[in-house]
Structure formats: C-alpha cells, structure tokens
file data.txt (compact mmCIF, C-alpha atoms and all ligand atoms)
# COMPACT_ATOMS: atom_id res chain seq x y z
CA MET A 1 0.00 0.00 0.00
CA ASP A 2 1.44 3.38 -0.98
CA MET A 3 2.42 5.96 1.62
CA MET A 4 2.66 9.54 0.31
CA SER A 5 4.39 12.32 2.27
CA VAL A 6 3.29 15.86 1.47
CA MET A 7 4.50 19.21 2.81
CA ALA A 8 3.30 22.77 2.36
CA ASN A 9 5.84 24.88 0.44
CA GLY A 10 4.45 28.29 1.43
CA LYS A 11 4.41 29.58 -2.16
CA GLY A 12 0.72 29.00 -2.83
CA LEU A 13 -0.90 27.04 -5.65
CA LYS A 14 -0.92 28.74 -9.05
CA GLY A 15 -1.81 27.74 -12.57
CA VAL A 16 -4.29 26.93 -15.30
CA ILE A 17 -5.21 23.26 -15.40
CA GLY A 18 -7.81 20.82 -16.70
CA VAL A 19 -9.14 17.91 -14.66
CA PRO A 20 -9.95 14.42 -16.05
CA GLY A 21 -13.37 13.64 -17.50
CA ASP A 22 -16.47 13.37 -15.35
CA LYS A 23 -16.74 9.92 -13.75
CA SER A 24 -20.54 9.64 -13.86
CA ILE A 25 -20.66 10.69 -17.53
CA SER A 26 -17.74 8.39 -18.50
CA HIS A 27 -19.45 5.33 -16.97
CA ARG A 28 -22.72 6.09 -18.71
CA ALA A 29 -21.07 6.75 -22.09
CA VAL A 30 -19.47 3.27 -22.00
CA MET A 31 -22.66 1.57 -20.81
CA PHE A 32 -25.06 3.25 -23.23
CA GLY A 33 -22.57 2.89 -26.11
CA SER A 34 -22.37 -0.84 -25.31
CA ILE A 35 -26.12 -1.36 -25.74
CA ALA A 36 -26.56 1.09 -28.66
CA HIS A 37 -26.47 0.18 -32.33
CA GLY A 38 -23.29 1.32 -34.09
CA LYS A 39 -19.97 2.86 -33.17
CA THR A 40 -19.93 5.23 -30.19
CA VAL A 41 -16.86 7.43 -29.80
CA ILE A 42 -16.00 8.95 -26.43
CA ASP A 43 -13.43 11.72 -26.01
CA GLY A 44 -12.38 13.04 -22.62
CA PHE A 45 -13.12 9.65 -21.01
CA LEU A 46 -11.82 9.26 -17.43
CA PRO A 47 -9.25 6.43 -17.48
CA GLY A 48 -9.58 5.93 -13.69
CA GLU A 49 -9.95 2.48 -12.13
CA ASP A 50 -13.73 2.78 -11.68
CA CYS A 51 -14.49 3.53 -15.32
CA LEU A 52 -11.96 0.92 -16.49
CA SER A 53 -13.95 -1.61 -14.43
CA THR A 54 -17.03 -0.63 -16.45
CA ILE A 55 -15.15 -1.19 -19.74
CA GLU A 56 -13.90 -4.60 -18.54
CA CYS A 57 -17.42 -5.73 -17.53
CA PHE A 58 -18.86 -4.83 -20.94
CA ARG A 59 -15.97 -6.55 -22.73
CA GLN A 60 -16.86 -9.69 -20.76
CA LEU A 61 -20.43 -9.24 -21.96
CA GLY A 62 -19.12 -9.55 -25.52
CA VAL A 63 -18.85 -5.88 -26.52
CA LYS A 64 -15.81 -4.83 -28.55
CA ILE A 65 -14.32 -1.75 -26.85
CA GLU A 66 -11.03 -0.05 -27.78
CA GLN A 67 -9.59 2.39 -25.27
CA GLU A 68 -6.46 4.53 -25.38
CA ASN A 69 -6.16 7.05 -22.55
CA ASP A 70 -9.21 9.31 -22.81
CA HIS A 71 -10.33 8.09 -26.25
CA VAL A 72 -12.75 5.15 -26.41
CA GLU A 73 -14.48 3.43 -29.34
CA ILE A 74 -17.37 1.07 -28.66
CA PHE A 75 -18.80 -1.23 -31.30
CA GLY A 76 -22.35 -1.68 -30.02
CA LYS A 77 -24.76 -4.32 -31.38
CA GLY A 78 -27.78 -3.30 -29.33
CA ILE A 79 -28.87 -4.71 -25.98
CA LYS A 80 -29.60 -8.09 -27.63
CA GLY A 81 -25.94 -8.20 -28.70
CA LEU A 82 -24.82 -8.74 -25.08
CA GLN A 83 -23.64 -12.31 -24.38
CA GLU A 84 -23.56 -14.46 -21.27
CA PRO A 85 -20.20 -13.81 -19.57
CA ASN A 86 -17.84 -16.75 -18.99
CA GLU A 87 -16.38 -15.18 -15.88
CA ILE A 88 -17.68 -13.33 -12.84
CA LEU A 89 -18.15 -9.60 -13.58
CA ASN A 90 -15.88 -7.62 -11.26
CA VAL A 91 -16.91 -4.01 -10.58
CA GLY A 92 -13.86 -3.30 -8.38
CA ASN A 93 -14.57 -0.31 -6.10
CA SER A 94 -17.31 1.15 -8.30
CA GLY A 95 -20.84 1.46 -6.92
CA THR A 96 -21.98 3.12 -10.15
CA THR A 97 -20.76 0.16 -12.24
CA CYS A 98 -22.42 -2.32 -9.89
CA ARG A 99 -25.84 -0.69 -9.62
CA LEU A 100 -26.21 0.43 -13.25
CA LEU A 101 -24.94 -2.92 -14.52
CA LEU A 102 -27.64 -4.71 -12.49
CA GLY A 103 -30.24 -2.50 -14.19
CA MET A 104 -28.79 -3.38 -17.61
CA LEU A 105 -28.70 -7.12 -16.86
CA ALA A 106 -32.23 -7.21 -15.43
CA ASN A 107 -33.69 -8.22 -18.80
CA THR A 108 -30.82 -10.10 -20.44
CA PRO A 109 -31.87 -13.74 -20.94
CA PHE A 110 -28.71 -15.19 -19.36
CA PHE A 111 -26.92 -15.69 -16.06
CA SER A 112 -24.38 -13.24 -14.64
CA CYS A 113 -22.54 -12.98 -11.36
CA VAL A 114 -21.39 -9.62 -10.01
CA VAL A 115 -18.70 -9.05 -7.36
CA GLY A 116 -16.56 -6.13 -6.24
CA ASP A 117 -13.92 -5.31 -3.65
CA ASP A 118 -14.28 -5.30 0.16
CA SER A 119 -15.84 -1.82 0.10
CA ILE A 120 -18.47 -2.86 -2.48
CA ALA A 121 -19.32 -5.91 -0.35
CA LYS A 122 -20.48 -3.54 2.41
CA ARG A 123 -22.59 -1.24 0.21
CA PRO A 124 -26.37 -1.67 0.10
CA MET A 125 -27.53 -3.21 -3.17
CA GLN A 126 -31.08 -3.86 -2.02
CA ARG A 127 -31.99 -0.34 -3.12
CA VAL A 128 -31.62 -1.57 -6.72
CA THR A 129 -32.26 -5.30 -6.42
CA GLU A 130 -35.65 -4.71 -4.79
CA PRO A 131 -37.27 -2.71 -7.64
CA LEU A 132 -35.53 -4.89 -10.25
CA LYS A 133 -37.02 -8.03 -8.67
CA VAL A 134 -40.47 -6.42 -8.68
CA MET A 135 -39.98 -5.79 -12.41
CA GLY A 136 -39.26 -9.52 -12.93
CA ALA A 137 -35.49 -10.03 -12.65
CA ILE A 138 -34.26 -13.08 -10.77
CA ILE A 139 -31.59 -11.88 -8.38
CA ASP A 140 -29.93 -13.61 -5.46
CA GLY A 141 -26.95 -12.80 -3.28
CA ARG A 142 -25.78 -12.40 0.28
CA GLU A 143 -28.58 -11.58 2.72
CA GLN A 144 -31.39 -12.21 0.19
CA GLY A 145 -29.73 -10.20 -2.55
CA CYS A 146 -28.84 -7.16 -0.42
CA TYR A 147 -25.05 -7.47 -0.83
CA THR A 148 -22.49 -8.75 -3.35
CA PRO A 149 -21.69 -11.33 -4.62
CA LEU A 150 -24.95 -11.15 -6.57
CA SER A 151 -26.28 -13.44 -9.25
CA ILE A 152 -28.77 -12.20 -11.80
CA ARG A 153 -30.81 -13.87 -14.52
CA GLY A 154 -32.70 -11.42 -16.65
CA GLY A 155 -36.45 -11.80 -16.86
CA ASN A 156 -39.34 -10.69 -19.02
CA LEU A 157 -39.49 -7.33 -17.32
CA LYS A 158 -42.66 -5.37 -16.77
CA GLY A 159 -42.60 -1.58 -16.36
CA ILE A 160 -42.93 -0.26 -12.82
CA ASN A 161 -44.17 2.86 -11.09
CA TYR A 162 -41.49 3.21 -8.44
CA VAL A 163 -41.24 5.75 -5.64
CA SER A 164 -37.62 5.63 -4.53
CA PRO A 165 -36.95 6.18 -0.81
CA VAL A 166 -33.50 7.67 -1.57
CA ALA A 167 -32.33 10.52 -3.78
CA SER A 168 -29.85 8.34 -5.69
CA ALA A 169 -28.87 8.65 -9.33
CA GLN A 170 -27.65 5.07 -9.23
CA VAL A 171 -31.08 3.78 -8.19
CA LYS A 172 -32.82 6.06 -10.69
CA SER A 173 -30.49 4.95 -13.50
CA ALA A 174 -30.75 1.22 -12.70
CA VAL A 175 -34.56 1.36 -12.78
CA LEU A 176 -34.60 3.45 -15.99
CA LEU A 177 -32.14 1.12 -17.73
CA ALA A 178 -34.29 -1.86 -16.79
CA GLY A 179 -37.37 0.09 -17.86
CA LEU A 180 -35.81 0.76 -21.26
CA GLN A 181 -36.06 -2.98 -21.99
CA ALA A 182 -39.33 -3.69 -20.15
CA GLU A 183 -42.88 -4.16 -21.38
CA GLY A 184 -44.86 -0.93 -20.90
CA THR A 185 -44.01 2.30 -19.09
CA THR A 186 -41.53 2.75 -16.23
CA THR A 187 -41.87 5.76 -13.95
CA LEU A 188 -39.59 6.70 -11.07
CA THR A 189 -40.09 9.44 -8.50
CA GLU A 190 -37.30 10.44 -6.13
CA PRO A 191 -37.54 12.42 -2.87
CA MET A 192 -35.03 15.07 -4.05
CA LEU A 193 -33.43 15.59 -7.43
CA SER A 194 -30.25 13.50 -7.89
CA ARG A 195 -27.77 14.00 -10.74
CA ASP A 196 -29.51 13.72 -14.12
CA HIS A 197 -26.71 12.54 -16.44
CA THR A 198 -28.65 9.38 -17.34
CA GLU A 199 -31.68 11.35 -18.50
CA ARG A 200 -29.54 13.76 -20.52
CA MET A 201 -27.41 11.04 -22.11
CA LEU A 202 -30.25 8.64 -22.89
CA ARG A 203 -31.77 11.44 -24.96
CA ALA A 204 -28.43 11.94 -26.75
CA PHE A 205 -28.60 8.21 -27.68
CA GLY A 206 -32.05 8.76 -29.19
CA CYS A 207 -34.23 7.60 -26.29
CA HIS A 208 -37.50 9.39 -25.64
CA LEU A 209 -38.13 10.08 -21.97
CA VAL A 210 -40.16 12.58 -19.99
CA ALA A 211 -38.59 14.29 -16.95
CA ASP A 212 -40.93 16.43 -14.88
CA GLY A 213 -39.65 17.67 -11.52
CA LEU A 214 -38.81 14.64 -9.40
CA THR A 215 -40.44 12.15 -11.78
CA VAL A 216 -38.93 10.50 -14.88
CA SER A 217 -40.84 8.24 -17.19
CA LEU A 218 -39.99 6.22 -20.28
CA GLU A 219 -41.58 3.63 -22.58
CA GLY A 220 -39.94 0.22 -22.78
CA LYS A 221 -38.51 -1.57 -25.81
CA GLN A 222 -36.61 1.48 -27.05
CA GLU A 223 -33.41 1.00 -29.06
CA LEU A 224 -30.41 3.33 -28.61
CA GLN A 225 -28.37 4.71 -31.52
CA ALA A 226 -24.60 5.30 -31.26
CA THR A 227 -23.34 8.85 -30.86
CA HIS A 228 -20.24 10.91 -30.07
CA ILE A 229 -19.76 11.96 -26.44
CA GLU A 230 -17.24 14.55 -25.30
CA VAL A 231 -16.89 14.27 -21.55
CA PRO A 232 -16.32 17.57 -19.71
CA GLY A 233 -14.04 17.77 -16.64
CA ASP A 234 -15.31 16.32 -13.37
CA LEU A 235 -16.46 18.98 -10.90
CA SER A 236 -16.05 16.41 -8.12
CA SER A 237 -12.32 16.23 -9.00
CA ALA A 238 -12.05 19.99 -9.58
CA ALA A 239 -13.55 20.50 -6.10
CA PHE A 240 -10.24 19.47 -4.45
CA PHE A 241 -8.35 22.20 -6.31
CA LEU A 242 -11.15 24.75 -5.84
CA VAL A 243 -10.99 24.32 -2.07
CA ALA A 244 -7.17 24.28 -2.25
CA GLY A 245 -7.28 27.56 -4.17
CA ALA A 246 -9.52 29.10 -1.52
CA ILE A 247 -7.63 27.95 1.60
CA VAL A 248 -3.94 27.80 0.62
CA PRO A 249 -2.42 31.29 1.05
CA ASN A 250 -1.23 33.08 -2.16
CA SER A 251 -3.19 30.87 -4.56
CA HIS A 252 -4.80 31.54 -7.94
CA ILE A 253 -6.17 28.55 -9.84
CA THR A 254 -8.14 28.31 -13.09
CA ILE A 255 -9.71 24.98 -14.03
CA LYS A 256 -10.82 24.70 -17.65
CA LYS A 257 -13.87 22.92 -19.08
CA VAL A 258 -15.51 21.66 -15.90
CA CYS A 259 -19.01 20.19 -16.03
CA ILE A 260 -21.46 22.61 -14.39
CA ASN A 261 -24.63 20.51 -14.64
CA PRO A 262 -26.92 22.16 -12.03
CA THR A 263 -27.57 18.81 -10.30
CA ARG A 264 -23.84 18.77 -9.44
CA THR A 265 -23.00 22.39 -8.61
CA GLY A 266 -23.80 22.41 -4.87
CA ILE A 267 -20.06 22.84 -4.19
CA LEU A 268 -20.00 26.08 -6.21
CA ASP A 269 -23.04 27.46 -4.33
CA VAL A 270 -21.50 26.52 -0.98
CA LEU A 271 -18.09 28.03 -1.75
CA LYS A 272 -19.80 31.27 -2.89
CA GLU A 273 -21.92 31.36 0.26
CA MET A 274 -18.81 30.80 2.40
CA GLY A 275 -17.27 33.86 0.73
CA ALA A 276 -14.93 32.32 -1.86
CA GLU A 277 -13.70 34.68 -4.57
CA MET A 278 -14.61 32.58 -7.57
CA THR A 279 -15.64 33.37 -11.15
CA ILE A 280 -17.20 31.18 -13.80
CA SER A 281 -16.60 31.99 -17.48
CA ASN A 282 -16.76 30.55 -21.02
CA THR A 283 -19.93 28.56 -20.37
CA LYS A 284 -20.72 26.17 -23.26
CA THR A 285 -22.78 23.02 -23.79
CA HIS A 286 -21.92 19.72 -25.51
CA VAL A 287 -24.40 16.83 -25.83
CA SER A 288 -26.63 18.54 -23.30
CA GLU A 289 -24.01 18.83 -20.53
CA PRO A 290 -22.93 22.41 -19.72
CA TYR A 291 -19.29 23.16 -18.87
CA ALA A 292 -17.25 26.24 -18.00
CA ASP A 293 -13.89 27.55 -16.75
CA ILE A 294 -13.73 28.23 -13.00
CA HIS A 295 -11.24 30.61 -11.40
CA ILE A 296 -10.65 30.82 -7.65
CA LYS A 297 -8.17 32.62 -5.42
CA THR A 298 -7.28 32.61 -1.73
CA SER A 299 -10.36 33.79 0.12
CA SER A 300 -11.57 34.54 3.60
CA LEU A 301 -14.27 31.93 4.35
CA THR A 302 -17.14 31.91 6.85
CA GLY A 303 -18.97 28.85 8.22
CA ILE A 304 -22.48 28.07 6.94
CA GLU A 305 -25.23 25.45 7.26
CA ILE A 306 -25.53 22.87 4.45
CA SER A 307 -28.66 20.70 4.38
CA GLY A 308 -31.78 19.54 2.51
CA GLU A 309 -31.93 19.61 -1.28
CA THR A 310 -28.36 20.90 -1.55
CA ILE A 311 -27.00 17.60 -0.18
CA PRO A 312 -27.52 15.39 -3.28
CA ARG A 313 -25.97 18.22 -5.35
CA LEU A 314 -22.66 17.95 -3.43
CA ILE A 315 -22.74 14.55 -1.74
CA ASP A 316 -19.29 13.52 -3.06
CA GLU A 317 -17.76 16.89 -2.15
CA ILE A 318 -18.55 16.77 1.58
CA PRO A 319 -15.07 15.48 2.61
CA ILE A 320 -13.37 18.45 0.94
CA ILE A 321 -16.06 20.89 2.16
CA ALA A 322 -15.34 19.68 5.71
CA LEU A 323 -11.70 20.63 5.21
CA ALA A 324 -12.73 24.08 3.89
CA ALA A 325 -14.89 24.50 7.00
CA THR A 326 -11.85 24.01 9.27
CA GLN A 327 -10.47 27.17 7.63
CA ALA A 328 -13.76 29.14 7.78
CA LYS A 329 -14.61 31.51 10.62
CA GLY A 330 -17.36 30.21 12.90
CA THR A 331 -19.47 27.06 12.72
CA THR A 332 -20.28 24.91 9.70
CA ILE A 333 -23.13 22.46 10.13
CA ILE A 334 -23.68 19.66 7.60
CA LYS A 335 -26.93 17.73 8.05
CA ASP A 336 -29.34 15.46 6.12
CA ALA A 337 -26.27 13.65 4.81
CA GLY A 338 -26.80 10.14 6.26
CA GLU A 339 -26.05 8.74 2.76
CA LEU A 340 -22.37 9.45 3.50
CA LYS A 341 -22.36 6.37 5.73
CA VAL A 342 -22.85 4.06 2.71
CA LYS A 343 -20.27 5.53 0.32
CA GLU A 344 -16.86 3.95 -0.44
CA THR A 345 -16.31 4.20 3.34
CA ASN A 346 -18.47 5.60 6.14
CA ARG A 347 -17.49 9.13 5.16
CA ILE A 348 -18.89 10.77 8.29
CA ASP A 349 -16.59 8.71 10.51
CA MET A 350 -13.60 8.75 8.16
CA VAL A 351 -13.63 12.52 7.60
CA VAL A 352 -13.99 13.20 11.32
CA ASN A 353 -11.36 10.62 12.43
CA GLU A 354 -8.74 11.76 9.93
CA LEU A 355 -9.27 15.51 10.36
CA VAL A 356 -9.14 15.14 14.17
CA LYS A 357 -5.66 13.58 13.71
CA LEU A 358 -4.62 16.86 12.02
CA GLY A 359 -6.04 18.93 14.89
CA ALA A 360 -9.43 19.96 13.45
CA ASP A 361 -12.36 20.86 15.71
CA ILE A 362 -14.94 18.54 14.12
CA GLU A 363 -17.65 16.27 15.50
CA ALA A 364 -19.76 13.59 13.87
CA THR A 365 -23.54 13.77 14.15
CA GLU A 366 -26.20 11.22 13.19
CA ASP A 367 -26.55 12.64 9.66
CA GLY A 368 -23.52 14.85 9.15
CA MET A 369 -20.92 16.81 11.09
CA VAL A 370 -20.27 20.09 12.89
CA ILE A 371 -17.00 21.92 12.30
CA GLN A 372 -15.60 24.94 14.15
CA GLY A 373 -13.11 27.19 12.37
CA THR A 374 -10.61 28.44 12.02
CA THR A 375 -8.02 25.94 13.23
CA ASN A 376 -4.29 25.64 12.61
CA LEU A 377 -3.85 22.10 11.39
CA ARG A 378 -0.65 20.15 12.13
CA GLY A 379 1.03 17.29 10.26
CA ASN A 380 0.48 13.67 11.28
CA PHE A 381 0.10 10.15 9.93
CA VAL A 382 -3.30 9.79 8.28
CA ASP A 383 -5.02 7.14 6.16
CA SER A 384 -7.30 7.26 3.11
CA HIS A 385 -8.76 3.90 4.23
CA GLY A 386 -8.91 3.05 0.53
CA ASP A 387 -11.36 5.89 -0.17
CA HIS A 388 -10.20 8.09 -3.07
CA ARG A 389 -12.01 11.21 -1.91
CA ILE A 390 -10.67 10.92 1.65
CA GLY A 391 -7.14 10.50 0.22
CA MET A 392 -7.40 13.63 -1.95
CA MET A 393 -8.94 15.68 0.86
CA LEU A 394 -6.01 14.72 3.13
CA ALA A 395 -3.50 15.66 0.41
CA ILE A 396 -5.07 19.14 0.13
CA ALA A 397 -5.08 19.40 3.95
CA SER A 398 -1.37 18.67 3.92
CA CYS A 399 -0.81 21.86 1.86
CA ILE A 400 -1.90 23.98 4.84
CA VAL A 401 -0.69 22.02 7.87
CA ASN A 402 2.41 22.81 9.91
CA GLY A 403 4.89 20.01 9.30
CA GLU A 404 4.71 16.85 7.25
CA THR A 405 1.67 14.69 6.56
CA SER A 406 1.99 11.02 5.60
CA ILE A 407 -1.04 9.58 3.84
CA ASP A 408 -1.38 5.81 3.93
CA ASN A 409 -3.20 4.02 1.08
CA SER A 410 -2.67 7.06 -1.11
CA GLU A 411 -2.99 4.94 -4.29
CA SER A 412 -6.76 5.04 -3.79
CA VAL A 413 -6.81 8.35 -5.75
CA ASN A 414 -6.43 6.21 -8.91
CA VAL A 415 -10.10 5.25 -8.60
CA SER A 416 -11.23 8.64 -9.92
CA PHE A 417 -8.19 10.88 -10.45
CA PRO A 418 -4.94 9.07 -11.42
CA SER A 419 -3.09 12.33 -12.22
CA PHE A 420 -4.09 14.00 -8.92
CA PHE A 421 -0.68 14.08 -7.19
CA ASP A 422 1.12 15.15 -10.41
CA GLN A 423 -1.33 18.00 -10.96
CA LEU A 424 -1.04 19.10 -7.33
CA GLU A 425 2.77 19.23 -7.74
CA GLN A 426 2.36 21.21 -10.96
CA LEU A 427 0.33 23.86 -9.10
CA LYS A 428 3.08 24.23 -6.49
CA HIS A 429 5.63 25.52 -9.06
C1 LIG B 501 -23.25 8.54 -8.86
C2 LIG B 501 -24.25 8.80 -7.96
C3 LIG B 501 -24.02 9.12 -6.54
C4 LIG B 501 -22.56 9.51 -6.31
C5 LIG B 501 -21.60 8.57 -6.99
C6 LIG B 501 -21.82 8.59 -8.49
C7 LIG B 501 -23.62 8.22 -10.26
O1 LIG B 501 -24.31 7.97 -5.76
O2 LIG B 501 -22.29 9.57 -4.92
O3 LIG B 501 -20.26 8.95 -6.72
O4 LIG B 501 -22.74 8.26 -11.15
O5 LIG B 501 -24.79 7.93 -10.50
P1 LIG B 501 -25.80 7.62 -5.26
O6 LIG B 501 -26.62 7.27 -6.44
O7 LIG B 501 -25.61 6.46 -4.33
O8 LIG B 501 -26.29 8.85 -4.55
call {"tool": "encode", "arguments": {"input": "data.txt", "output": "structure tokens"}}
result
Amino acid sequence: MDMMSVMANGKGLKGVIGVPGDKSISHRAVMFGSIAHGKTVIDGFLPGEDCLSTIECFRQLGVKIEQENDHVEIFGKGIKGLQEPNEILNVGNSGTTCRLLLGMLANTPFFSCVVGDDSIAKRPMQRVTEPLKVMGAIIDGREQGCYTPLSIRGGNLKGINYVSPVASAQVKSAVLLAGLQAEGTTTLTEPMLSRDHTERMLRAFGCHLVADGLTVSLEGKQELQATHIEVPGDLSSAAFFLVAGAIVPNSHITIKKVCINPTRTGILDVLKEMGAEMTISNTKTHVSEPYADIHIKTSSLTGIEISGETIPRLIDEIPIIALAATQAKGTTIIKDAGELKVKETNRIDMVVNELVKLGADIEATEDGMVIQGTTNLRGNFVDSHGDHRIGMMLAIASCIVNGETSIDNSESVNVSFPSFFDQLEQLKH
C-alpha cells in the first residue's frame, strides 16, 4: 500500500489546469454505447480504475471496446448483442458500475454474477435489487440479494411505477435502464433531485423520456443509436483544487472545461456562500451537458449550514467541504447527509477521524458533522482507508498544515483521479 508524504511549500498554488473527465458521464457513455447500435466514440473519457472496471465488464459481456487514454471506441450491437459472460463480472470499487450494470442485466436472458472489492461488499444493493425483482429479474446474493456477490438472470421485465426512498442517481439509473427494456411504461419518483446525467445522455442516444420535476418516465422496448460523447471535466475532482485555491495562502487557480450541470454544482453554491472569490466563465454546452472555466483565489471563508436539497448536489464533495470548513470563521453544520455512511467508506466517521488527527475541531452527528473554524492544522500520519475522496482531501489538507503529513493508502486516488498528485505538484511551481 502506498504511503505519500506531502509538505506545504508556502508559495501558494498557481496555474491553469484541466481535470480528467467526469466519472458519472464516463461510466454512462461506456454503458449506453455498449447497448446502442453502431460505433460510439468517447473523447475526454476518465481512465480511472472505476471507469476501467465498467469497460472490462462490458468486454466480458461480448462488446468490442477499444480504449487509449481518454479516447474510447465502442462497437455496439444493441442490448440483444450482449452475451452471457464466462467469468464473474468484477466491478472493483465502483458502486456506479455495480448498480447500473444490475439494471442493464435485469432483462438479459442469461446468467451473470457480479462481485466487487471489500468496500463494495459492504454497500447496500437492495436499493436496486428490490425494484428490479419487482420488475421480474431473478436476483440472489448475500442476505437475500442485499449485498455482493450477486447473481442475476434477466427476466421478461414489466414496467414499474417506483417511488424511490432515496435521492440516488444510481437507483434512478438502474430502474430506468431496466425500464428501457421492459414491457410498458416505467416511472420513477425520487424524494429530491439527484444527478440527471442518465436522462440527458439517454436522450443523446435517441431515447425518448419525460422528466418532470422529481419524476422520470420512459416507454420500454426502445433502441439506442450510437453517438459521439465529449466528456467535460469532473467537478467532483475539480472540487479538491477549488478548495485548495480558496484555503492555501497566495493561490490563484483556473480549471478549464468543468461540467457545471446544475444537479452537481452544490459545491459552487456553498463556496460562494462561504465567501470564496470565484468566477465562472466561457460557459458552453456539448451533448446537453454544460461546462465552464472556473477561477478561484485565496479567500476569507465563513462557516455556513448545508442541508436539505443541496446535499444530493454535493454529496461527493462533503469530505473536501469539511476541510474548507476548518479554515472558515465560525461554525459549519452539515446535516441530512446520512447517505455518507454508505459511500466507499463511512465518510462521516472517516472525515472526522482523519481531520481530528490533524487537529481539526470537528464532531460527527447522526446525519452529518459540525465543524468549528478556524483551526491551525498540524502534520500527522493519516489514512485514506482506501477511499479516493478521503485520500485527496487529506493531500489538500497537507498543503496547509504545519509540518509533514503522511497519507497511507494514497494509491486510492487512482479510482477517480490518477493524475491528482502530479497535478497538485504542478500547481506548487
Ligand atoms: C453517482 C451517484 C451518486 C454519487 C456517486 C456517483 C452516479 O451515488 O455519490 O459517486 O454516477 O450515478 P448515489 O446514487 O448512491 O447517490
């Protein structure tokens, strides 16, 4: 396991950079391309471990996929072109691969087995297996199909009218992907709006669907047609450098071509509200996803409350927001974020445990955390616990601590941002 030592150099972080392609969009481009008819080309693909797991799974399902760095070509033969895999499908650390794949396989007339790593084995799959079983899929697994390893045999699916108890794009996408192949109409309503990349991209692949507020509906038996997807930069990756730009003294950072889909921009709203000096320019749209350049400089931040409908719009950014809050005057309260407990790790506990090691004034609550700022953080031995976003948050923390920080299991950043440490170094010069 890699141990990375990082020290602040006092010069600030400066530069104009791009971040790798959006993870959610990259997964979906591979999946939808794999069940479309014709050749789908993806540029700006994220070659991180999670999205590579998606490519591997679809190769095992008989799809020809060529990938070189951020360029991918997929030779789709339609959903009926998928073949029974000879081996177990391994989703690695990727919850998105696991849950969306189950939705895809819910109607395939063959047997598949899905496993992942130790983190995946702890993540709740019932939230997708339950509606998929109601639609007609035959699914089994640990604890009645709640956890991996899971087996699935696709059925003659019937459309469903499903009211999801969680605001989860993975649940929404799994049900819609099953619905795409089902008999009749599938409708899903969620309690708060989760990211809508599936809805946007399904349309780009020629699917007709109706999205109205918290409800999405589509007719089954629709065929997708190949297209060209250009993936904009991942705001969830950019978030680490945005917070770094705001809290590391003497910093000025511009990040080019970052996806600013409004279901993802909670981090931008929060940084603004905390007082960050940030500008957004050059807004453009490609295949229905908006993107822009974001500039940020060292700012004086103030604590705020983050809750309710904002939470799904920044759920993956909470670890780095917690770090920002340690450098903001006053109290920051994060609530309604119980979903953090079922991410790659229990992110409430991990964020609190690791930031306490650096001297932060932070406490866990039932559904979030309370942070008092500002605090002078000090170097220590910390651990990503195999969670990419905890690892990157700790690396940004180490840019402002007194002394040296050693991050154990630092290789976890490769899940979503393989060039993270190189780009951080680049900004230091
Ligand atoms: C994702 C949805 C979110 C998010 C995850 C990616 C997606 O998970 O946290 O990193 O691509 O659909 P949930 O659906 O569990 O909220």
call {"tool": "residues_near_ligand", "arguments": {"input": "data.txt", "ligand": "ligand LIG 501 (chain B)", "cutoff": "6 Å", "atoms": "only C-alpha atoms and all ligand atoms", "output": "list in words"}}
result
Ser24, Thr96, Ser168, Ala169, Gln170, Val171, Ile315 and Asp316 of chain A
call {"tool": "residues_around", "arguments": {"input": "data.txt", "residues": "Val370 in chain A", "least_positions_apart": "3", "cutoff": "12 Å", "atoms": "all atoms listed in the file", "output": "ChimeraX atom specification"}}
result
/A:303-307,318,321-323,325-326,330-335,337,348,351-352,360-367,373
call {"tool": "closest_residue", "arguments": {"input": "data.txt", "among": "A:Thr54, A:Asn250, A:Gln225, A:Asn69", "to": "Val114 in chain A", "atoms": "only C-alpha atoms"}}
result
A:Thr54
call {"tool": "residues_around", "arguments": {"input": "data.txt", "residues": "range 265-279 of chain A", "least_positions_apart": "6", "cutoff": "6 Å", "atoms": "only C-alpha atoms", "output": "PyMOL selection string"}}
result
chain A and resi 294-297+299+301-302+310+313-314
call {"tool": "residues_around", "arguments": {"input": "data.txt", "residues": "Lys39 in chain A", "least_positions_apart": "6", "cutoff": "10 Å", "atoms": "only C-alpha atoms", "output": "list of chain:residue names"}}
result
A:Gly33, A:Lys64, A:Ile65, A:Glu73, A:Ile74, A:Phe75, A:Gly76, A:Lys77, A:Gln225, A:Ala226, A:Thr227, A:His228
call {"tool": "write_last_selection", "arguments": {"input": "data.txt", "atoms": "C-alpha atoms", "output": "short mmCIF file (atom, residue, chain, number, x, y, z; two decimals), in the frame of the given file"}}
result
data_model
loop_
_atom_site.label_atom_id
_atom_site.label_comp_id
_atom_site.auth_asym_id
_atom_site.auth_seq_id
_atom_site.Cartn_x
_atom_site.Cartn_y
_atom_site.Cartn_z
CA GLY A 33 -22.57 2.89 -26.11
CA LYS A 64 -15.81 -4.83 -28.55
CA ILE A 65 -14.32 -1.75 -26.85
CA GLU A 73 -14.48 3.43 -29.34
CA ILE A 74 -17.37 1.07 -28.66
CA PHE A 75 -18.80 -1.23 -31.30
CA GLY A 76 -22.35 -1.68 -30.02
CA LYS A 77 -24.76 -4.32 -31.38
CA GLN A 225 -28.37 4.71 -31.52
CA ALA A 226 -24.60 5.30 -31.26
CA THR A 227 -23.34 8.85 -30.86
CA HIS A 228 -20.24 10.91 -30.07
#
call {"tool": "residues_near_point", "arguments": {"input": "data.txt", "point": "(-22.8, -16.8, -2.7)", "cutoff": "12 Å", "atoms": "only C-alpha atoms", "output": "JSON, numbers by chain"}}
result
{"A": [88, 113, 114, 115, 121, 139, 140, 141, 142, 143, 144, 145, 146, 147, 148, 149, 150, 151, 152]}
call {"tool": "atom_distance", "arguments": {"input": "data.txt", "atom1": "CA of Pro20 in chain A", "atom2": "CA of Pro319 in chain A"}}
result
19.4 Å
call {"tool": "atom_distance", "arguments": {"input": "data.txt", "atom1": "CA of Asn282 in chain A", "atom2": "CA of Ile253 in chain A"}}
result
15.5 Å
call {"tool": "atom_distance", "arguments": {"input": "data.txt", "atom1": "CA of Leu188 in chain A", "atom2": "CA of Ser217 in chain A"}}
result
6.4 Å
call {"tool": "closest_residue", "arguments": {"input": "data.txt", "among": "A:Asp43, A:Ser173, A:Phe58, A:Glu49", "to": "Arg99 in chain A", "atoms": "all atoms listed in the file"}}
result
A:Ser173
